[in-house]
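Chemist: Sharing target-v2.csv, CSV, C-alpha atoms:
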chain,number,residue,atom,x,y,z
A,1,MET,CA,-13.2,-2.5,26.8
A,2,GLU,CA,-11.9,-6.0,26.1
A,3,GLN,CA,-8.4,-6.1,25.0
A,4,THR,CA,-8.2,-7.4,21.4
A,5,GLY,CA,-4.6,-6.8,20.5
A,6,THR,CA,-1.3,-6.0,22.1
A,7,ILE,CA,1.6,-3.9,21.0
A,8,GLU,CA,4.8,-5.8,20.2
A,9,ASN,CA,7.0,-3.6,22.5
A,10,SER,CA,10.2,-5.4,21.5
A,11,SER,CA,10.8,-3.0,18.6
A,12,LEU,CA,9.8,0.4,17.2
A,13,LEU,CA,10.1,1.3,13.6
A,14,MET,CA,11.0,5.0,13.0
A,15,VAL,CA,10.7,6.2,9.4
A,16,ILE,CA,12.7,9.4,9.0
A,17,PRO,CA,13.0,10.3,5.3
A,18,TRP,CA,16.4,11.9,4.5
A,19,ASP,CA,16.4,14.9,2.3
A,20,SER,CA,19.6,16.7,1.5
A,21,GLU,CA,17.9,20.1,0.8
A,22,SER,CA,16.1,20.2,4.2
A,23,ASP,CA,18.6,18.5,6.5
A,24,SER,CA,20.3,21.8,7.2
A,25,GLY,CA,17.5,22.6,9.6
A,26,SER,CA,16.9,19.2,11.0
A,27,GLU,CA,18.5,19.9,14.4
A,28,ARG,CA,15.2,20.7,16.1
A,29,LEU,CA,13.6,17.5,14.9
A,30,ASP,CA,16.6,15.6,16.0
A,31,LEU,CA,16.3,17.1,19.5
A,32,VAL,CA,12.6,16.1,19.7
A,33,LEU,CA,13.3,12.5,18.6
A,34,LYS,CA,16.3,12.2,20.9
A,35,PHE,CA,14.0,13.3,23.8
A,36,VAL,CA,11.3,10.8,22.8
A,37,GLU,CA,13.8,7.9,22.6
A,38,THR,CA,15.6,8.7,25.9
A,39,VAL,CA,12.6,9.3,28.1
A,40,GLU,CA,10.0,7.0,26.6
A,41,VAL,CA,11.6,4.2,24.7
A,42,MET,CA,14.7,3.1,26.6
A,43,PRO,CA,13.0,2.2,29.9
A,44,ARG,CA,10.9,-0.3,28.0
A,45,ASN,CA,14.0,-1.8,26.4
A,46,ILE,CA,12.6,-1.3,23.0
A,47,ARG,CA,14.9,-2.0,20.0
A,48,LEU,CA,14.8,1.0,17.6
A,49,HIS,CA,14.9,0.5,13.9
A,50,ARG,CA,15.5,3.8,12.0
A,51,VAL,CA,15.0,3.8,8.3
A,52,HIS,CA,15.8,6.8,6.1
A,53,THR,CA,15.0,5.8,2.5
A,54,ALA,CA,12.2,4.1,0.6
A,55,GLU,CA,14.6,1.2,-0.1
A,56,GLU,CA,15.5,0.7,3.6
A,57,PHE,CA,11.8,1.0,4.5
A,58,GLN,CA,10.7,-1.7,2.0
A,59,SER,CA,13.6,-4.0,2.9
A,60,PHE,CA,12.9,-3.8,6.6
A,61,LEU,CA,9.2,-4.7,6.2
A,62,GLN,CA,10.0,-7.6,3.9
A,63,GLU,CA,12.5,-9.0,6.3
A,64,GLN,CA,10.1,-8.9,9.3
A,65,LYS,CA,9.0,-12.3,10.7
A,66,PRO,CA,5.3,-12.9,11.4
A,67,ALA,CA,4.1,-11.5,14.7
A,68,SER,CA,4.4,-13.9,17.6
A,69,ASP,CA,0.7,-13.1,18.3
A,70,PRO,CA,-1.5,-12.6,15.2
A,71,LYS,CA,-3.6,-10.1,17.1
A,72,SER,CA,-0.6,-7.9,18.0
A,73,LEU,CA,0.2,-4.6,16.4
A,74,ARG,CA,3.6,-3.2,15.7
A,75,PRO,CA,4.4,0.5,16.4
A,76,VAL,CA,5.6,2.8,13.7
A,77,LEU,CA,6.4,6.5,14.0
A,78,PHE,CA,6.9,8.7,10.9
A,79,ALA,CA,9.0,11.8,11.3
A,80,VAL,CA,9.2,14.0,8.3
A,81,ARG,CA,11.4,17.1,7.8
A,82,LEU,CA,9.8,19.6,5.4
A,83,GLY,CA,12.1,22.6,5.3
A,84,ASN,CA,10.7,25.9,4.1
A,85,ASP,CA,9.0,24.6,0.9
A,86,GLY,CA,7.2,21.6,2.2
A,87,VAL,CA,9.1,19.2,-0.1
A,88,ASN,CA,11.1,16.2,1.0
A,89,ILE,CA,12.2,14.0,-2.0
A,90,GLU,CA,12.8,10.8,0.0
A,91,TYR,CA,9.4,11.2,1.7
A,92,ALA,CA,7.8,11.4,-1.8
A,93,ARG,CA,9.5,8.1,-2.6
A,94,ILE,CA,8.1,6.5,0.5
A,95,LEU,CA,4.7,7.9,-0.3
A,96,ARG,CA,4.8,6.3,-3.7
A,97,LEU,CA,5.7,3.0,-2.1
A,98,LEU,CA,2.8,3.2,0.3
A,99,ARG,CA,0.3,4.0,-2.5
A,100,ARG,CA,1.6,1.1,-4.6
A,101,GLU,CA,1.4,-1.6,-1.8
A,102,PRO,CA,-2.1,-1.9,-0.3
A,103,HIS,CA,-0.8,-4.3,2.5
A,104,LEU,CA,2.7,-3.1,3.1
A,105,LEU,CA,1.9,-1.8,6.7
A,106,GLU,CA,-0.7,-4.4,7.6
A,107,GLY,CA,-0.5,-5.0,11.3
A,108,TYR,CA,1.1,-1.7,12.2
A,109,ILE,CA,-0.3,1.2,14.3
A,110,GLY,CA,1.3,4.6,14.1
A,111,GLY,CA,1.7,8.3,14.5
A,112,VAL,CA,3.3,11.2,12.6
A,113,ILE,CA,5.6,14.1,13.4
A,114,THR,CA,6.1,16.8,10.8
A,115,ASP,CA,8.6,19.6,11.2
A,116,ALA,CA,8.9,22.7,8.9
A,117,ASP,CA,10.7,26.0,8.7
A,118,SER,CA,7.4,27.8,7.6
A,119,GLU,CA,3.9,27.9,9.0
A,120,LEU,CA,2.6,25.8,6.2
A,121,TYR,CA,2.6,22.2,4.9
A,122,THR,CA,2.8,20.3,8.2
A,123,LYS,CA,-0.9,19.4,8.4
A,124,SER,CA,-1.4,18.8,4.6
A,125,THR,CA,1.6,16.5,4.4
A,126,ALA,CA,0.5,14.6,7.5
A,127,THR,CA,-3.0,14.0,6.2
A,128,GLU,CA,-1.5,12.9,2.9
A,129,LEU,CA,0.8,10.5,4.7
A,130,VAL,CA,-1.8,9.1,7.1
A,131,LEU,CA,-4.2,8.4,4.2
A,132,ALA,CA,-1.6,6.6,2.2
A,133,ALA,CA,-0.3,4.6,5.1
A,134,ASN,CA,-3.9,3.7,6.2
A,135,GLN,CA,-4.7,2.5,2.8
A,136,SER,CA,-1.6,0.4,3.1
A,137,GLY,CA,-2.9,-1.3,6.3
A,138,CYS,CA,-1.6,1.0,9.1
A,139,ALA,CA,-4.0,2.0,11.8
A,140,PHE,CA,-3.5,5.4,13.7
A,141,VAL,CA,-4.2,6.3,17.2
A,142,GLY,CA,-6.5,9.2,18.0
A,143,LYS,CA,-4.6,12.5,17.7
A,144,PRO,CA,-1.8,10.9,15.8
A,145,LEU,CA,-0.1,14.1,14.7
A,146,VAL,CA,2.5,16.4,16.3
A,147,GLU,CA,3.5,19.2,14.0
A,148,GLY,CA,6.3,21.7,14.5
A,149,THR,CA,5.7,24.8,12.5
A,150,GLY,CA,8.5,27.3,11.8
A,151,SER,CA,7.7,29.5,14.8
A,152,LEU,CA,6.3,26.8,17.0
A,153,ASP,CA,3.4,29.2,17.8
A,154,ASN,CA,1.1,26.2,17.4
A,155,PHE,CA,2.4,25.0,20.8
A,156,ARG,CA,1.3,28.2,22.6
A,157,VAL,CA,-1.7,26.6,24.4
A,158,ALA,CA,0.2,23.3,25.0
A,159,ALA,CA,3.0,25.3,26.6
A,160,LYS,CA,0.6,27.3,28.8
A,161,ASN,CA,-1.0,24.1,30.0
A,162,LEU,CA,2.4,22.7,30.9
A,163,GLY,CA,3.2,25.9,32.8
A,164,THR,CA,6.1,26.9,30.6
A,165,ALA,CA,6.9,29.5,28.0
A,166,ASP,CA,9.2,27.1,26.2
A,167,TYR,CA,7.5,26.0,23.0
A,168,LEU,CA,10.2,23.6,22.2
A,169,GLU,CA,9.6,21.8,25.5
A,170,ALA,CA,5.9,21.6,24.7
A,171,TYR,CA,6.9,20.1,21.3
A,172,ARG,CA,9.0,17.5,22.9
A,173,VAL,CA,6.5,16.6,25.5
A,174,SER,CA,3.7,16.3,22.9
A,175,ALA,CA,5.9,13.9,20.8
A,176,ARG,CA,6.6,11.8,23.8
A,177,LYS,CA,2.9,11.7,24.6
A,178,LEU,CA,2.1,10.6,21.1
A,179,LEU,CA,4.6,7.7,21.3
A,180,ARG,CA,3.1,6.6,24.6
A,181,SER,CA,-0.4,6.5,23.1
A,182,ILE,CA,0.9,4.3,20.3
A,183,LEU,CA,2.7,1.9,22.7
A,184,ASP,CA,-0.3,1.7,25.1
A,185,PHE,CA,-2.9,0.9,22.4
A,186,ARG,CA,-5.1,-2.0,23.4
A,187,GLY,CA,-7.9,-2.2,20.8
A,188,TYR,CA,-11.6,-1.4,20.7
A,189,ALA,CA,-13.5,-4.7,20.4
A,190,VAL,CA,-16.4,-5.5,22.7
A,191,PRO,CA,-18.9,-8.4,22.7
A,192,GLU,CA,-21.9,-6.2,21.6
A,193,PRO,CA,-20.5,-3.3,19.6
A,194,SER,CA,-22.7,-0.5,18.2
A,195,LEU,CA,-22.0,1.6,15.1
A,196,LEU,CA,-23.6,4.9,14.4
A,197,CYS,CA,-24.1,5.9,10.8
A,198,LEU,CA,-24.3,9.6,10.1
A,199,HIS,CA,-25.5,10.8,6.7
A,200,ALA,CA,-27.3,13.7,4.8
A,201,SER,CA,-28.3,11.6,1.8
A,202,SER,CA,-31.5,10.7,0.0
A,203,HIS,CA,-32.5,7.1,0.7
A,204,LYS,CA,-33.8,6.7,-2.9
A,205,THR,CA,-31.2,8.3,-5.1
A,206,SER,CA,-27.9,8.4,-3.2
A,207,ASN,CA,-25.1,6.1,-4.4
A,208,THR,CA,-23.3,6.6,-1.1
A,209,PHE,CA,-26.3,5.6,1.0
A,210,SER,CA,-26.9,2.5,-1.2
A,211,LEU,CA,-23.4,1.3,-0.4
A,212,TRP,CA,-24.0,1.9,3.3
A,213,ARG,CA,-27.2,-0.3,3.1
A,214,ASP,CA,-25.1,-3.1,1.5
A,215,VAL,CA,-22.4,-2.8,4.2
A,216,ARG,CA,-25.0,-2.7,7.0
A,217,ASP,CA,-26.6,-5.9,5.7
A,218,ARG,CA,-23.3,-7.7,6.1
A,219,LEU,CA,-22.7,-6.5,9.7
A,220,THR,CA,-23.9,-9.6,11.5
A,221,HIS,CA,-22.4,-9.0,15.0
A,222,THR,CA,-22.8,-5.2,15.2
A,223,THR,CA,-25.8,-3.2,16.2
A,224,CYS,CA,-26.3,-0.3,13.7
A,225,SER,CA,-28.2,2.9,14.0
A,226,GLU,CA,-28.7,5.8,11.6
A,227,ILE,CA,-29.2,9.5,12.0
A,228,GLY,CA,-30.0,11.7,9.0
A,229,LEU,CA,-28.9,15.3,9.0
A,230,ARG,CA,-30.9,16.8,6.1
A,231,ASN,CA,-33.4,19.5,5.3
A,232,GLY,CA,-32.4,22.2,7.7
A,233,THR,CA,-32.3,19.9,10.8
A,234,LEU,CA,-28.8,21.0,11.7
A,235,TYR,CA,-27.6,24.5,12.6
A,236,ASP,CA,-23.9,25.0,12.0
A,237,CYS,CA,-21.5,26.1,14.7
A,238,SER,CA,-21.2,29.9,14.9
A,239,GLY,CA,-18.1,29.9,17.1
A,240,CYS,CA,-19.4,30.7,20.6
A,241,PRO,CA,-16.8,32.0,23.1
A,242,TYR,CA,-14.7,29.2,24.6
A,243,GLN,CA,-16.2,29.5,28.1
A,244,MET,CA,-19.8,29.4,26.8
A,245,CYS,CA,-19.0,26.3,24.7
A,246,LEU,CA,-17.4,24.7,27.7
A,247,HIS,CA,-20.4,25.5,29.9
A,248,TYR,CA,-22.8,23.8,27.5
A,249,GLY,CA,-20.4,21.0,26.8
A,250,GLU,CA,-20.2,20.1,30.5
A,251,LYS,CA,-24.0,19.6,30.4
A,252,ASP,CA,-23.7,17.4,27.2
A,253,SER,CA,-25.4,20.2,25.4
A,254,CYS,CA,-24.9,23.1,23.0
A,255,PHE,CA,-26.2,26.6,22.8
A,256,TYR,CA,-28.0,25.8,19.5
A,257,GLY,CA,-29.7,22.7,20.7
A,258,GLY,CA,-31.7,20.8,18.1
A,259,VAL,CA,-31.0,17.4,16.6
A,260,MET,CA,-27.3,17.5,17.7
A,261,VAL,CA,-28.2,17.7,21.4
A,262,GLU,CA,-31.4,15.6,21.3
A,263,ASN,CA,-30.2,12.8,19.1
A,264,VAL,CA,-26.6,12.9,17.9
A,265,TYR,CA,-24.8,13.6,21.2
A,266,PRO,CA,-26.5,10.7,23.0
A,267,ALA,CA,-26.0,8.3,20.1
A,268,ILE,CA,-22.3,9.1,19.9
A,269,ARG,CA,-21.8,8.6,23.6
A,270,GLU,CA,-23.4,5.2,23.4
A,271,SER,CA,-21.6,4.0,20.2
A,272,ASN,CA,-18.3,2.3,19.8
A,273,ALA,CA,-17.7,3.8,16.3
A,274,ILE,CA,-19.2,6.2,13.8
A,275,LEU,CA,-19.5,5.7,10.0
A,276,MET,CA,-19.7,8.8,7.9
A,277,VAL,CA,-21.6,8.5,4.6
A,278,CYS,CA,-19.9,11.1,2.4
A,279,PRO,CA,-20.9,12.0,-1.1
A,280,ASN,CA,-18.3,14.3,-2.7
A,281,TYR,CA,-19.7,17.8,-3.0
A,282,ASN,CA,-17.3,20.1,-4.9
A,283,ASP,CA,-14.3,18.1,-3.5
A,284,ALA,CA,-15.5,18.7,0.0
A,285,LEU,CA,-17.8,17.2,2.7
A,286,SER,CA,-21.4,18.3,2.4
A,287,ALA,CA,-22.5,21.3,4.5
A,288,ASN,CA,-24.5,19.3,6.9
A,289,LEU,CA,-21.7,16.8,7.6
A,290,THR,CA,-19.3,19.7,8.1
A,291,GLY,CA,-21.8,21.3,10.5
A,292,PHE,CA,-22.0,18.0,12.4
A,293,ILE,CA,-18.2,18.0,12.8
A,294,ASN,CA,-18.2,21.6,13.9
A,295,ARG,CA,-20.9,21.1,16.4
A,296,LEU,CA,-19.0,18.1,18.0
A,297,THR,CA,-16.8,20.7,19.7
A,298,ALA,CA,-19.2,21.3,22.6
A,299,LEU,CA,-19.3,17.6,23.4
A,300,TYR,CA,-15.5,17.3,22.8
A,301,ARG,CA,-14.9,19.9,25.5
A,302,LYS,CA,-16.2,17.4,28.1
A,303,ARG,CA,-15.0,14.1,26.7
A,304,GLN,CA,-12.7,13.4,23.9
A,305,PHE,CA,-13.2,10.5,21.5
A,306,TYR,CA,-10.1,8.3,21.9
A,307,ASP,CA,-12.4,5.4,22.7
A,308,LYS,CA,-14.3,5.5,19.4
A,309,ALA,CA,-13.3,4.4,15.9
A,310,LEU,CA,-14.0,6.2,12.6
A,311,PHE,CA,-15.2,4.6,9.3
A,312,ALA,CA,-16.4,6.2,6.1
A,313,ILE,CA,-18.0,5.5,2.8
A,314,ILE,CA,-17.1,8.0,0.1
A,315,VAL,CA,-18.5,8.3,-3.4
A,316,SER,CA,-17.4,10.9,-6.0
A,317,GLY,CA,-19.3,11.6,-9.2
A,318,TYR,CA,-16.0,12.1,-11.1
A,319,SER,CA,-12.9,12.1,-8.9
A,320,GLY,CA,-11.5,13.4,-5.6
A,321,GLY,CA,-12.5,10.8,-3.1
A,322,ASP,CA,-9.1,11.2,-1.5
A,323,ASN,CA,-9.9,14.8,-0.7
A,324,ILE,CA,-12.8,13.8,1.4
A,325,ALA,CA,-10.9,11.1,3.1
A,326,ARG,CA,-8.2,13.6,4.1
A,327,GLN,CA,-10.8,16.0,5.4
A,328,LEU,CA,-12.2,13.3,7.7
A,329,ILE,CA,-8.7,12.3,8.9
A,330,ALA,CA,-7.9,15.9,9.7
A,331,ALA,CA,-11.2,16.8,11.4
A,332,LEU,CA,-12.1,13.6,13.2
A,333,ASN,CA,-8.9,11.6,13.7
A,334,MET,CA,-6.4,14.4,14.2
A,335,ASN,CA,-8.5,17.1,15.8
A,336,LYS,CA,-11.3,15.1,17.5
A,337,ASN,CA,-9.2,12.1,18.4
A,338,PHE,CA,-11.2,9.2,16.8
A,339,TYR,CA,-9.2,6.1,16.3
A,340,LEU,CA,-8.5,5.3,12.6
A,341,PRO,CA,-8.6,1.6,11.8
A,342,ALA,CA,-6.6,0.2,8.9
A,343,HIS,CA,-8.4,0.8,5.6
A,344,PHE,CA,-10.9,3.0,7.4
A,345,CYS,CA,-12.8,4.0,4.3
A,346,ILE,CA,-14.1,2.7,1.0
A,347,MET,CA,-13.8,5.2,-1.9
A,348,GLU,CA,-15.8,4.7,-5.1
A,349,THR,CA,-16.6,6.7,-8.2
A,350,ALA,CA,-20.3,6.6,-9.4
A,351,ASN,CA,-22.4,9.3,-10.9
A,352,ASP,CA,-26.0,8.4,-12.0
A,353,PRO,CA,-28.3,7.0,-9.3
A,354,GLY,CA,-27.9,3.3,-8.9
A,355,THR,CA,-24.5,2.9,-10.6
A,356,ALA,CA,-22.5,2.4,-7.4
A,357,GLU,CA,-24.0,-1.0,-6.8
A,358,LYS,CA,-23.1,-2.1,-10.4
A,359,LEU,CA,-19.4,-1.1,-10.2
A,360,PRO,CA,-17.0,-4.0,-11.2
A,361,GLY,CA,-15.9,-5.8,-8.1
A,362,ILE,CA,-18.0,-3.8,-5.7
A,363,ARG,CA,-19.6,-6.8,-4.0
A,364,ASN,CA,-16.2,-8.0,-2.9
A,365,ARG,CA,-15.1,-4.6,-1.8
A,366,VAL,CA,-18.2,-4.1,0.3
A,367,GLU,CA,-17.8,-7.5,1.9
A,368,GLU,CA,-14.2,-6.8,2.7
A,369,PHE,CA,-15.1,-3.4,4.2
A,370,ALA,CA,-17.8,-4.9,6.4
A,371,ALA,CA,-15.4,-7.6,7.6
A,372,ARG,CA,-12.8,-5.0,8.5
A,373,ILE,CA,-15.4,-3.1,10.6
A,374,GLU,CA,-16.3,-6.2,12.5
A,375,LYS,CA,-12.7,-7.2,12.9
A,376,THR,CA,-12.1,-3.8,14.6
A,377,LEU,CA,-15.2,-3.8,16.8
A,378,VAL,CA,-16.2,-7.3,17.6
A,379,SER,CA,-14.4,-9.3,20.3
A,380,GLU,CA,-12.8,-12.7,19.5
A,381,SER,CA,-15.1,-14.3,22.1
A,382,ARG,CA,-18.2,-13.2,20.1
A,383,HIS,CA,-16.7,-14.5,16.9
A,384,SER,CA,-15.9,-17.8,18.5
A,385,ASN,CA,-19.4,-18.2,20.1
A,386,SER,CA,-21.1,-17.5,16.8
A,387,GLY,CA,-18.9,-19.9,14.9
So, in terms of structure tokens, how does the structure I just supplied come out?

Modeler:
Amino acid sequence: MEQTGTIENSSLLMVIPWDSESDSGSERLDLVLKFVETVEVMPRNIRLHRVHTAEEFQSFLQEQKPASDPKSLRPVLFAVRLGNDGVNIEYARILRLLRREPHLLEGYIGGVITDADSELYTKSTATELVLAANQSGCAFVGKPLVEGTGSLDNFRVAAKNLGTADYLEAYRVSARKLLRSILDFRGYAVPEPSLLCLHASSHKTSNTFSLWRDVRDRLTHTTCSEIGLRNGTLYDCSGCPYQMCLHYGEKDSCFYGGVMVENVYPAIRESNAILMVCPNYNDALSANLTGFINRLTALYRKRQFYDKALFAIIVSGYSGGDNIARQLIAALNMNKNFYLPAHFCIMETANDPGTAEKLPGIRNRVEEFAARIEKTLVSESRHSNSG
């Protein structure tokens, strides 16, 4: 792929919220961060900037000079200590700041480490943080989360793959790998990008699909295709044994076949990005879209999706669009490794058919969203030639 942006490797922002009630168990996280800094950062002569409070975070960003290259991205790593109850007061202040400032992290690309004394809260906190930072302008690499649960049992497979029984070592290596992927990021733009839209909506009555049509009409340099997953066309994953799933995945197939194997898998392989059209069903993704994500596992066994970007259009009848966005982040960015561009989704509230297109200011939001898609996917040379 053509390189569209470089990482400003002269500095790395590390956001490590202090919390007096959870600092007593912070030694493990400190060990992980010290390992990352020593092995990965120092050889690159990167200047570290650690901030621990919301005030320090905001002041640092306000004092930053414009990037020497407007296409460059600045790396940021969030490391949040959660203790036993999943609550870090200073993190909550940083979260508030991110939600209040829609462009605070414009031009940054990041990852997250969460560390807890229990088996809970590491993933939910991370999806909350990634959504807030993303809506504030921060992009995230594929698989942007390293989580240390209380027992570290979540590193059992990683440790086995490293040939060690030391879960802490697997934790440290995973954190180092995350930082490397941030620093090595080089963009996704190509001269002739393709975008695959996946939906399970009615063309006639769906508010979500109507917004997709409006976005599609504004994508002048991107080839768009659509696949509908409605009316019993998709069998959900039933959890085949690992070896069976791997066997079919190596053949770009799946035991259950159907539209996923015949249409979706080939379309995903050929696309540079996917766009999920997601109406809110009971504060969750629809069954067919959930089935699509589950069935991706067979293809994921053979090839992961670091080279593809994720976008979404989310419409709720009453509220809860952020619930859907966090599900997409967890499933496709964190678990399936899709790249998360800044402001990856548009979230609207509309109930009766046809009301989404009449929302105040919707035309501007649709135009801005379409422009963000093409900024991510379309190379500068194509923009220059068309201009």

Chemist: What is the CA of Arg363 in chain A to CA of Arg216 in chain A distance in Å?

Modeler: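 These two atoms are separated by 12.9 Å.
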
Chemist: Have a look at CA of Pro353 in chain A and CA of Ala370 in chain A and let me know their distance in Å, one decimal.

Modeler: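 So the two atoms, CA of Pro353 in chain A and CA of Ala370 in chain A, lie 22.3 Å apart.
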
Chemist: Interatomic distance between CA of Ile109 in chain A and CA of Asn88 in chain A?

Modeler: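 A separation of 23.1 Å between them.
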
Chemist: Residues within 10 Å of (-17.8, 5.3, 0.7), file coordinates, counting only C-alpha atoms: what are they? Give the list as an NGL selection string.

Modeler: :A and (207-212 or 215 or 275-280 or 311-316 or 321 or 324-325 or 344-349 or 356 or 366 or 369)

Chemist: Export, as a PDB file, in the frame of the given file, the selected residues with C-alpha atoms.

Modeler:
ATOM      1  CA  ASN A 207     -25.100   6.100  -4.400  1.00  0.00           C
ATOM      2  CA  THR A 208     -23.300   6.600  -1.100  1.00  0.00           C
ATOM      3  CA  PHE A 209     -26.300   5.600   1.000  1.00  0.00           C
ATOM      4  CA  SER A 210     -26.900   2.500  -1.200  1.00  0.00           C
ATOM      5  CA  LEU A 211     -23.400   1.300  -0.400  1.00  0.00           C
ATOM      6  CA  TRP A 212     -24.000   1.900   3.300  1.00  0.00           C
ATOM      7  CA  VAL A 215     -22.400  -2.800   4.200  1.00  0.00           C
ATOM      8  CA  LEU A 275     -19.500   5.700  10.000  1.00  0.00           C
ATOM      9  CA  MET A 276     -19.700   8.800   7.900  1.00  0.00           C
ATOM     10  CA  VAL A 277     -21.600   8.500   4.600  1.00  0.00           C
ATOM     11  CA  CYS A 278     -19.900  11.100   2.400  1.00  0.00           C
ATOM     12  CA  PRO A 279     -20.900  12.000  -1.100  1.00  0.00           C
ATOM     13  CA  ASN A 280     -18.300  14.300  -2.700  1.00  0.00           C
ATOM     14  CA  PHE A 311     -15.200   4.600   9.300  1.00  0.00           C
ATOM     15  CA  ALA A 312     -16.400   6.200   6.100  1.00  0.00           C
ATOM     16  CA  ILE A 313     -18.000   5.500   2.800  1.00  0.00           C
ATOM     17  CA  ILE A 314     -17.100   8.000   0.100  1.00  0.00           C
ATOM     18  CA  VAL A 315     -18.500   8.300  -3.400  1.00  0.00           C
ATOM     19  CA  SER A 316     -17.400  10.900  -6.000  1.00  0.00           C
ATOM     20  CA  GLY A 321     -12.500  10.800  -3.100  1.00  0.00           C
ATOM     21  CA  ILE A 324     -12.800  13.800   1.400  1.00  0.00           C
ATOM     22  CA  ALA A 325     -10.900  11.100   3.100  1.00  0.00           C
ATOM     23  CA  PHE A 344     -10.900   3.000   7.400  1.00  0.00           C
ATOM     24  CA  CYS A 345     -12.800   4.000   4.300  1.00  0.00           C
ATOM     25  CA  ILE A 346     -14.100   2.700   1.000  1.00  0.00           C
ATOM     26  CA  MET A 347     -13.800   5.200  -1.900  1.00  0.00           C
ATOM     27  CA  GLU A 348     -15.800   4.700  -5.100  1.00  0.00           C
ATOM     28  CA  THR A 349     -16.600   6.700  -8.200  1.00  0.00           C
ATOM     29  CA  ALA A 356     -22.500   2.400  -7.400  1.00  0.00           C
ATOM     30  CA  VAL A 366     -18.200  -4.100   0.300  1.00  0.00           C
ATOM     31  CA  PHE A 369     -15.100  -3.400   4.200  1.00  0.00           C
TER      32      PHE A 369
END

Chemist: Counting all atoms listed in the file, figure out which residue out of A:Thr149, A:Pro341, A:Leu82, A:Leu104 gets nearest to Ser59 in chain A.

Modeler: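 The shortest atom-to-atom distance to Ser59 in chain A comes from A:Leu104.
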
Chemist: Between A:Val190, A:Thr38, A:Leu289, A:His343, which one has atoms that come closest to Arg365 in chain A, using only C-alpha atoms?

Modeler: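 Comparing A:Val190, A:Thr38, A:Leu289, A:His343 against Arg365 in chain A, the winner is A:His343.
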
Chemist: So which one's closest to Val146 in chain A, A:His52, A:Val41, A:Ala67, A:Leu33? Using all atoms listed in the file, please.

Modeler: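 With all atoms listed in the file as the atom set, the closest residue is A:Leu33.
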
Chemist: With distances taken over all atoms listed in the file, which residue among A:Glu262, A:Lys65, A:Phe292, A:Leu179 lies nearest Leu198 in chain A?

Modeler: A:Phe292

Chemist: If you take only C-alpha atoms and a cut-off of 9 Å, which residues of range 101-154 of chain A touch range 84-87 of chain A, and what are their nearest atom pairs and distances in Å to one decimal, in chain and number order, as a Markdown table?

Modeler:
| residue | atom | partner | partner_atom | distance |
| --- | --- | --- | --- | --- |
| A:Ala116 | CA | A:Asn84 | CA | 6.0 |
| A:Asp117 | CA | A:Asn84 | CA | 4.6 |
| A:Ser118 | CA | A:Asn84 | CA | 5.2 |
| A:Glu119 | CA | A:Asn84 | CA | 8.6 |
| A:Leu120 | CA | A:Gly86 | CA | 7.4 |
| A:Tyr121 | CA | A:Gly86 | CA | 5.4 |
| A:Thr122 | CA | A:Gly86 | CA | 7.6 |
| A:Thr125 | CA | A:Gly86 | CA | 7.9 |
| A:Gly150 | CA | A:Asn84 | CA | 8.1 |

Chemist: Would you list the residues near (4.0, 11.4, 16.4), meaning any protein, DNA or RNA residue with an atom at most 9 Å from that point in file coordinates, counting all atoms listed in the file, as a PyMOL selection string?

Modeler: chain A and resi 77-79+110-114+143-147+174-179+182

Chemist: Just the residues within 12 Å of Lys336 in chain A, please, counting all atoms listed in the file, with nothing from its chain fewer than 6 positions along; format it as a list in words.

Modeler: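 Once the adjacent positions are removed, what remains is Val141, Gly142, Lys143, Pro144, Leu145, Ile293, Asn294, Arg295, Leu296, Thr297, Ala298, Leu299, Tyr300, Arg301, Lys302, Arg303, Gln304, Phe305, Tyr306, Asp307, Lys308, Ala309, Leu310, Leu328, Ile329 and Ala330 of chain A.
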
Chemist: Counting all atoms listed in the file, which residue out of A:Glu367, A:Pro266, A:Pro193, A:Phe35 sits closest to Asp217 in chain A?

Modeler: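 Nearest to Asp217 in chain A: A:Glu367.
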
Chemist: Report as a list in words all protein, DNA and RNA residues lying within 9 Å of Gln135 in chain A, evaluated on all atoms listed in the file, omitting residues in the same chain fewer than 6 positions from it.

Modeler: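 Final neighbour list, sorted by chain and number: Leu98, Arg99, Glu101, Pro102, His103, Leu105, Ala342, His343, Phe344 and Cys345 of chain A.
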